[in-house]
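Chemist: Provided herewith is a single structure, encoded as structure tokens, for subsequent inquiry.
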Amino acid sequence: MLIFKIQQELKEHLNNLKSEAKSIGFVPTMGALHQGHLSLIEAAKAENDLVICSIFVNPTQFNDAKDLDLYPQPIQEDLALLTTLECDIVFLPSQKEMYPSGLVTANEHNDLGYLDHILEAEKRPGHFQGVAHIMKELLQLILPDKLYMGQKDFQQCLIVQQLIEQNEWKIDFRMMPILREADGLAMSSRNERLNEFERAKAGLLYQCLISIKAKQHLDSFKIMAKESWELMERKGLKVEYIQLAKANDLTLLEDFEQGIKMVVLIAASLGEVRLIDNILLED
Ligand code: AMP
């Protein structure tokens, strides 16, 4: 497994590979790798000649300084996992390498439209501007054939797909399923910050999502969302939103509609840990 820390060196290496017509699958991460990340690497390995994983905790996408400070960075464990999976290349840049003129230069504005005003964008101001900045840098550098990202960050997936279209990059976007713990909790690098009492309650997000999905033909979304909201609050979670939306563009919906693919998205905090999850509904 090759490790690159400098953009120019990675670019030269990739140019050689591309001249040999090798197909490249790319998995961007912030490290603290878990099975969810590893499933993306495995999918990329199955469909490409070579797989690149980046590990970079991108400061500009953190709207909460404490969240950034507490973000786990077990780099040696991550590299050991990637070696075991036979990932071909790891890109592990420093902050200086990605932001040579300091973080303020990242204050460019990307037009992300509607998607930068709802749900996660509303709750985490500036988050998707940070995501868009770093994804543009990484995609311009690597120009992979296929890009693998997780449905867990559903809104992020739509934003990155939009960036690919806006820039007319020929990158095949793959949104991969959410990997979960036994109680349904979506795997996340932040889960390890839950204490044992919080962890025992964290499966509730998914239980509410599957209950809404199971009952979608029986009641209105509003009633179900209210029940889930109250249940979670009773158990000590602080709910931020439970929202139904069109899956293709996240247009917010008041109630279930026939003939379209929908998604239910949820965000709630347990203590200091913020959790998000979502579930796709059948047409
Ligand atoms: P992160 O390191 O949190 O930025 O995540 C890197 C990539 O892994 C993103 O595309 C995430 O959506 C994806 N990911 C995170 N959690 C999961 C999960 N539980 N299952 C599948 N993919 C995930």
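Chain labels A, B, ... are given in the sequence in which chains occur in the structure tokens; within each chain residues are numbered consecutively from 1, and ligands are likewise numbered from 1 in the order shown.
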I'd like a table as JSON lines: residues in chain A with an atom no more than 9 Å from ligand 1, each row giving the shortest atom pair and its distance in Å to one decimal, only C-alpha atoms and all ligand atoms counted, sorted by chain and rising residue number.
Modeler:
{"residue": "A:Val27", "atom": "CA", "partner": "ligand 1", "partner_atom_place_in_ligand_line": "7 (C)", "distance": 6.9}
{"residue": "A:Pro28", "atom": "CA", "partner": "ligand 1", "partner_atom_place_in_ligand_line": "6 (C)", "distance": 5.8}
{"residue": "A:Thr29", "atom": "CA", "partner": "ligand 1", "partner_atom_place_in_ligand_line": "6 (C)", "distance": 3.8}
{"residue": "A:Met30", "atom": "CA", "partner": "ligand 1", "partner_atom_place_in_ligand_line": "2 (O)", "distance": 3.7}
{"residue": "A:Gly31", "atom": "CA", "partner": "ligand 1", "partner_atom_place_in_ligand_line": "2 (O)", "distance": 5.2}
{"residue": "A:Ala32", "atom": "CA", "partner": "ligand 1", "partner_atom_place_in_ligand_line": "2 (O)", "distance": 7.0}
{"residue": "A:Leu33", "atom": "CA", "partner": "ligand 1", "partner_atom_place_in_ligand_line": "2 (O)", "distance": 6.9}
{"residue": "A:His34", "atom": "CA", "partner": "ligand 1", "partner_atom_place_in_ligand_line": "16 (N)", "distance": 7.7}
{"residue": "A:Gln35", "atom": "CA", "partner": "ligand 1", "partner_atom_place_in_ligand_line": "20 (N)", "distance": 7.2}
{"residue": "A:Gly36", "atom": "CA", "partner": "ligand 1", "partner_atom_place_in_ligand_line": "20 (N)", "distance": 3.6}
{"residue": "A:His37", "atom": "CA", "partner": "ligand 1", "partner_atom_place_in_ligand_line": "8 (O)", "distance": 4.6}
{"residue": "A:Leu38", "atom": "CA", "partner": "ligand 1", "partner_atom_place_in_ligand_line": "22 (N)", "distance": 8.1}
{"residue": "A:Ser39", "atom": "CA", "partner": "ligand 1", "partner_atom_place_in_ligand_line": "21 (C)", "distance": 6.7}
{"residue": "A:Leu40", "atom": "CA", "partner": "ligand 1", "partner_atom_place_in_ligand_line": "22 (N)", "distance": 6.5}
{"residue": "A:Ile55", "atom": "CA", "partner": "ligand 1", "partner_atom_place_in_ligand_line": "2 (O)", "distance": 7.7}
{"residue": "A:Phe56", "atom": "CA", "partner": "ligand 1", "partner_atom_place_in_ligand_line": "2 (O)", "distance": 8.4}
{"residue": "A:Val57", "atom": "CA", "partner": "ligand 1", "partner_atom_place_in_ligand_line": "4 (O)", "distance": 8.0}
{"residue": "A:Asn58", "atom": "CA", "partner": "ligand 1", "partner_atom_place_in_ligand_line": "4 (O)", "distance": 8.9}
{"residue": "A:Tyr148", "atom": "CA", "partner": "ligand 1", "partner_atom_place_in_ligand_line": "10 (O)", "distance": 6.5}
{"residue": "A:Met149", "atom": "CA", "partner": "ligand 1", "partner_atom_place_in_ligand_line": "10 (O)", "distance": 3.3}
{"residue": "A:Gly150", "atom": "CA", "partner": "ligand 1", "partner_atom_place_in_ligand_line": "12 (O)", "distance": 3.2}
{"residue": "A:Gln151", "atom": "CA", "partner": "ligand 1", "partner_atom_place_in_ligand_line": "12 (O)", "distance": 5.6}
{"residue": "A:Lys152", "atom": "CA", "partner": "ligand 1", "partner_atom_place_in_ligand_line": "12 (O)", "distance": 4.8}
{"residue": "A:Asp153", "atom": "CA", "partner": "ligand 1", "partner_atom_place_in_ligand_line": "12 (O)", "distance": 4.5}
{"residue": "A:Phe154", "atom": "CA", "partner": "ligand 1", "partner_atom_place_in_ligand_line": "12 (O)", "distance": 7.4}
{"residue": "A:Gln156", "atom": "CA", "partner": "ligand 1", "partner_atom_place_in_ligand_line": "12 (O)", "distance": 7.7}
{"residue": "A:Cys157", "atom": "CA", "partner": "ligand 1", "partner_atom_place_in_ligand_line": "10 (O)", "distance": 7.5}
{"residue": "A:Met175", "atom": "CA", "partner": "ligand 1", "partner_atom_place_in_ligand_line": "10 (O)", "distance": 8.0}
{"residue": "A:Met176", "atom": "CA", "partner": "ligand 1", "partner_atom_place_in_ligand_line": "21 (C)", "distance": 6.3}
{"residue": "A:Pro177", "atom": "CA", "partner": "ligand 1", "partner_atom_place_in_ligand_line": "21 (C)", "distance": 5.6}
{"residue": "A:Ile178", "atom": "CA", "partner": "ligand 1", "partner_atom_place_in_ligand_line": "20 (N)", "distance": 3.6}
{"residue": "A:Leu179", "atom": "CA", "partner": "ligand 1", "partner_atom_place_in_ligand_line": "20 (N)", "distance": 3.8}
{"residue": "A:Arg180", "atom": "CA", "partner": "ligand 1", "partner_atom_place_in_ligand_line": "19 (N)", "distance": 5.7}
{"residue": "A:Glu181", "atom": "CA", "partner": "ligand 1", "partner_atom_place_in_ligand_line": "19 (N)", "distance": 8.4}
{"residue": "A:Leu185", "atom": "CA", "partner": "ligand 1", "partner_atom_place_in_ligand_line": "19 (N)", "distance": 8.3}
{"residue": "A:Ala186", "atom": "CA", "partner": "ligand 1", "partner_atom_place_in_ligand_line": "19 (N)", "distance": 4.7}
{"residue": "A:Met187", "atom": "CA", "partner": "ligand 1", "partner_atom_place_in_ligand_line": "19 (N)", "distance": 3.7}
{"residue": "A:Ser188", "atom": "CA", "partner": "ligand 1", "partner_atom_place_in_ligand_line": "16 (N)", "distance": 4.9}
{"residue": "A:Ser189", "atom": "CA", "partner": "ligand 1", "partner_atom_place_in_ligand_line": "3 (O)", "distance": 6.3}
{"residue": "A:Arg190", "atom": "CA", "partner": "ligand 1", "partner_atom_place_in_ligand_line": "3 (O)", "distance": 8.3}
Chemist: Name all residues at most 9 Å from Ile6 of chain A (count only C-alpha atoms; drop same-chain ones fewer than 3 positions away) and give them as a list in words.
Modeler: Glu9, Leu10, Lys11, Phe91, Leu92, Pro93, Ser94 and Glu97 of chain A
Chemist: Restrict the selected residues to C-alpha atoms and save them as an mmCIF file, in the first residue's frame.
Modeler:
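selection-v3.cif, written as the output of this step:
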data_model
loop_
_atom_site.group_PDB
_atom_site.id
_atom_site.type_symbol
_atom_site.label_atom_id
_atom_site.label_comp_id
_atom_site.auth_asym_id
_atom_site.auth_seq_id
_atom_site.Cartn_x
_atom_site.Cartn_y
_atom_site.Cartn_z
ATOM 1 C CA GLU A 9 3.420 13.381 -5.836
ATOM 2 C CA LEU A 10 0.041 11.649 -5.869
ATOM 3 C CA LYS A 11 -0.883 13.391 -9.120
ATOM 4 C CA PHE A 91 -3.801 9.925 0.555
ATOM 5 C CA LEU A 92 -2.987 11.394 3.949
ATOM 6 C CA PRO A 93 -2.384 15.118 3.544
ATOM 7 C CA SER A 94 -1.627 17.603 6.306
ATOM 8 C CA GLU A 97 -1.072 20.672 2.250
#
Chemist: Which residues are near Val90 of chain A? Cut-off 10 Å, only C-alpha atoms, ignore same chain within fewer than 2 positions. Put them as a ChimeraX atom specification.
Modeler: /A:1-5,10,26-28,51-55,79,82-83,87-88,92-93
Chemist: Could you write out, as an MDAnalysis selection string, all the residues of segment 35-246 of chain A that DSSP marks as helix (DSSP H, G or I)?
Modeler: chainID A and resid 35:47 59:61 65:70 75:84 95:98 103:107 113:116 120:123 127:142 151:166 189:193 196:201 204:214 221:234
Chemist: With a distance cut-off of 9 Å and only C-alpha atoms, select the neighbouring residues of Leu85 of chain A, excluding the residue or stretch itself and same-chain residues fewer than 5 positions from it, and output the selection as a PyMOL selection string.
Modeler: chain A and resi 38+41-42+80
Chemist: Nearest to Ile260 of chain A among A:Val273, A:Leu139, A:Leu280, A:Ala44, with distances taken over only C-alpha atoms: which residue is it?
Modeler: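 Distance minimum relative to Ile260 of chain A lands on A:Leu280.
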Chemist: Find the residue from A:Gln61, A:Gln216, A:Gln7, A:Asn48 that sits nearest to Leu138 of chain A; use only C-alpha atoms when measuring.
Modeler: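 Result for the nearest residue to Leu138 of chain A: A:Gln7.
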Chemist: Do a neighbour search on Glu227 of chain A at 9 Å with only C-alpha atoms, toss out local chain neighbours closer than 5 positions, and write the hits as an mmCIF file with N, CA, C and O atoms, in the first residue's frame.
Modeler:
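Output file out18.cif follows:
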data_model
loop_
_atom_site.group_PDB
_atom_site.id
_atom_site.type_symbol
_atom_site.label_atom_id
_atom_site.label_comp_id
_atom_site.auth_asym_id
_atom_site.auth_seq_id
_atom_site.Cartn_x
_atom_site.Cartn_y
_atom_site.Cartn_z
ATOM 1 N N CYS A 208 -37.177 4.067 15.099
ATOM 2 C CA CYS A 208 -38.222 5.003 14.642
ATOM 3 C C CYS A 208 -38.319 5.005 13.123
ATOM 4 O O CYS A 208 -39.417 5.014 12.558
ATOM 5 N N LYS A 222 -47.170 13.002 9.434
ATOM 6 C CA LYS A 222 -47.141 13.974 10.530
ATOM 7 C C LYS A 222 -47.377 13.281 11.880
ATOM 8 O O LYS A 222 -46.673 13.541 12.862
ATOM 9 N N MET A 232 -38.608 9.617 21.389
ATOM 10 C CA MET A 232 -37.175 9.891 21.528
ATOM 11 C C MET A 232 -36.907 10.897 22.646
ATOM 12 O O MET A 232 -35.984 10.728 23.434
#
Chemist: What separation in Å, quoted to one decimal, exists between atom CA of Thr251 of chain A and atom CA of Ile266 of chain A?
Modeler: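 Computing the Euclidean distance for atom CA of Thr251 of chain A and atom CA of Ile266 of chain A yields 15.0 Å.
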Chemist: Let's see if you can do this: from backbone DSSP, list all strand (DSSP E) residues in segment 58-271 of chain A, as a PyMOL selection string.
Modeler: chain A and resi 89-91+146-150+172-176+238-246+252-253+262-270
Chemist: Might you pull out every residue within 7 Å of segment 243-247 of chain A, with only C-alpha atoms counted and same-chain residues fewer than 3 positions away left off, and present them as a list of chain:residue names?
Modeler: A:Leu250, A:Thr251, A:Leu252, A:Leu253, A:Glu254, A:Lys261, A:Met262, A:Val263, A:Val264, A:Leu265, A:Ile266
Chemist: Just the selected residues (all heavy atoms), exported as a PDB file, in the first residue's frame, please.
Modeler:
ATOM      1  N   LEU A 250     -34.402  15.904  -2.448  1.00  0.00           N
ATOM      2  CA  LEU A 250     -34.688  16.347  -1.073  1.00  0.00           C
ATOM      3  C   LEU A 250     -35.744  17.453  -0.964  1.00  0.00           C
ATOM      4  O   LEU A 250     -35.746  18.206   0.017  1.00  0.00           O
ATOM      5  CB  LEU A 250     -33.410  16.764  -0.338  1.00  0.00           C
ATOM      6  CG  LEU A 250     -32.571  15.616   0.236  1.00  0.00           C
ATOM      7  CD1 LEU A 250     -31.393  16.171   1.055  1.00  0.00           C
ATOM      8  CD2 LEU A 250     -33.389  14.703   1.135  1.00  0.00           C
ATOM      9  N   THR A 251     -36.632  17.534  -1.946  1.00  0.00           N
ATOM     10  CA  THR A 251     -37.798  18.410  -1.769  1.00  0.00           C
ATOM     11  C   THR A 251     -38.559  17.910  -0.543  1.00  0.00           C
ATOM     12  O   THR A 251     -38.892  16.721  -0.459  1.00  0.00           O
ATOM     13  CB  THR A 251     -38.736  18.326  -2.997  1.00  0.00           C
ATOM     14  OG1 THR A 251     -37.996  18.719  -4.126  1.00  0.00           O
ATOM     15  CG2 THR A 251     -39.957  19.219  -2.826  1.00  0.00           C
ATOM     16  N   LEU A 252     -38.832  18.817   0.403  1.00  0.00           N
ATOM     17  CA  LEU A 252     -39.481  18.385   1.636  1.00  0.00           C
ATOM     18  C   LEU A 252     -40.951  18.088   1.382  1.00  0.00           C
ATOM     19  O   LEU A 252     -41.627  18.818   0.648  1.00  0.00           O
ATOM     20  CB  LEU A 252     -39.326  19.465   2.712  1.00  0.00           C
ATOM     21  CG  LEU A 252     -37.876  19.911   2.987  1.00  0.00           C
ATOM     22  CD1 LEU A 252     -37.830  20.933   4.119  1.00  0.00           C
ATOM     23  CD2 LEU A 252     -36.961  18.736   3.299  1.00  0.00           C
ATOM     24  N   LEU A 253     -41.451  17.018   1.992  1.00  0.00           N
ATOM     25  CA  LEU A 253     -42.846  16.606   1.792  1.00  0.00           C
ATOM     26  C   LEU A 253     -43.585  16.643   3.125  1.00  0.00           C
ATOM     27  O   LEU A 253     -43.022  16.311   4.168  1.00  0.00           O
ATOM     28  CB  LEU A 253     -42.900  15.176   1.244  1.00  0.00           C
ATOM     29  CG  LEU A 253     -42.246  14.919  -0.119  1.00  0.00           C
ATOM     30  CD1 LEU A 253     -42.212  13.427  -0.414  1.00  0.00           C
ATOM     31  CD2 LEU A 253     -43.004  15.665  -1.215  1.00  0.00           C
ATOM     32  N   GLU A 254     -44.866  17.014   3.052  1.00  0.00           N
ATOM     33  CA  GLU A 254     -45.719  17.021   4.250  1.00  0.00           C
ATOM     34  C   GLU A 254     -46.201  15.610   4.564  1.00  0.00           C
ATOM     35  O   GLU A 254     -46.360  15.236   5.712  1.00  0.00           O
ATOM     36  CB  GLU A 254     -46.950  17.897   3.991  1.00  0.00           C
ATOM     37  CG  GLU A 254     -46.659  19.378   3.880  1.00  0.00           C
ATOM     38  CD  GLU A 254     -46.491  20.012   5.241  1.00  0.00           C
ATOM     39  OE1 GLU A 254     -47.317  19.733   6.129  1.00  0.00           O
ATOM     40  OE2 GLU A 254     -45.522  20.779   5.416  1.00  0.00           O
ATOM     41  N   LYS A 261     -39.955   8.062  -5.177  1.00  0.00           N
ATOM     42  CA  LYS A 261     -39.064   7.492  -4.171  1.00  0.00           C
ATOM     43  C   LYS A 261     -38.879   8.541  -3.076  1.00  0.00           C
ATOM     44  O   LYS A 261     -38.573   9.694  -3.366  1.00  0.00           O
ATOM     45  CB  LYS A 261     -37.725   7.141  -4.825  1.00  0.00           C
ATOM     46  CG  LYS A 261     -36.950   6.158  -4.027  1.00  0.00           C
ATOM     47  CD  LYS A 261     -35.932   5.420  -4.874  1.00  0.00           C
ATOM     48  CE  LYS A 261     -35.395   4.283  -4.044  1.00  0.00           C
ATOM     49  NZ  LYS A 261     -34.547   3.389  -4.739  1.00  0.00           N
ATOM     50  N   MET A 262     -39.069   8.110  -1.829  1.00  0.00           N
ATOM     51  CA  MET A 262     -38.974   9.057  -0.707  1.00  0.00           C
ATOM     52  C   MET A 262     -37.916   8.594   0.287  1.00  0.00           C
ATOM     53  O   MET A 262     -37.491   7.435   0.273  1.00  0.00           O
ATOM     54  CB  MET A 262     -40.333   9.151   0.005  1.00  0.00           C
ATOM     55  CG  MET A 262     -41.411   9.797  -0.842  1.00  0.00           C
ATOM     56  SD  MET A 262     -43.052   9.651  -0.082  1.00  0.00           S
ATOM     57  CE  MET A 262     -43.416   7.938  -0.330  1.00  0.00           C
ATOM     58  N   VAL A 263     -37.516   9.540   1.148  1.00  0.00           N
ATOM     59  CA  VAL A 263     -36.544   9.220   2.195  1.00  0.00           C
ATOM     60  C   VAL A 263     -37.013   9.901   3.479  1.00  0.00           C
ATOM     61  O   VAL A 263     -37.561  11.006   3.431  1.00  0.00           O
ATOM     62  CB  VAL A 263     -35.123   9.678   1.758  1.00  0.00           C
ATOM     63  CG1 VAL A 263     -35.049  11.160   1.479  1.00  0.00           C
ATOM     64  CG2 VAL A 263     -34.059   9.291   2.774  1.00  0.00           C
ATOM     65  N   VAL A 264     -36.849   9.217   4.603  1.00  0.00           N
ATOM     66  CA  VAL A 264     -37.099   9.851   5.900  1.00  0.00           C
ATOM     67  C   VAL A 264     -35.736  10.088   6.542  1.00  0.00           C
ATOM     68  O   VAL A 264     -34.914   9.170   6.627  1.00  0.00           O
ATOM     69  CB  VAL A 264     -37.966   8.971   6.821  1.00  0.00           C
ATOM     70  CG1 VAL A 264     -38.219   9.688   8.152  1.00  0.00           C
ATOM     71  CG2 VAL A 264     -39.280   8.620   6.151  1.00  0.00           C
ATOM     72  N   LEU A 265     -35.516  11.334   6.971  1.00  0.00           N
ATOM     73  CA  LEU A 265     -34.212  11.699   7.549  1.00  0.00           C
ATOM     74  C   LEU A 265     -34.416  12.154   8.982  1.00  0.00           C
ATOM     75  O   LEU A 265     -35.421  12.794   9.307  1.00  0.00           O
ATOM     76  CB  LEU A 265     -33.568  12.832   6.744  1.00  0.00           C
ATOM     77  CG  LEU A 265     -33.456  12.559   5.243  1.00  0.00           C
ATOM     78  CD1 LEU A 265     -34.421  13.436   4.477  1.00  0.00           C
ATOM     79  CD2 LEU A 265     -32.040  12.758   4.756  1.00  0.00           C
ATOM     80  N   ILE A 266     -33.440  11.830   9.812  1.00  0.00           N
ATOM     81  CA  ILE A 266     -33.587  12.118  11.227  1.00  0.00           C
ATOM     82  C   ILE A 266     -32.260  12.618  11.784  1.00  0.00           C
ATOM     83  O   ILE A 266     -31.195  12.176  11.338  1.00  0.00           O
ATOM     84  CB  ILE A 266     -34.061  10.810  11.914  1.00  0.00           C
ATOM     85  CG1 ILE A 266     -34.651  11.022  13.265  1.00  0.00           C
ATOM     86  CG2 ILE A 266     -32.996   9.789  11.997  1.00  0.00           C
ATOM     87  CD1 ILE A 266     -35.462   9.812  13.747  1.00  0.00           C
TER      88      ILE A 266
END
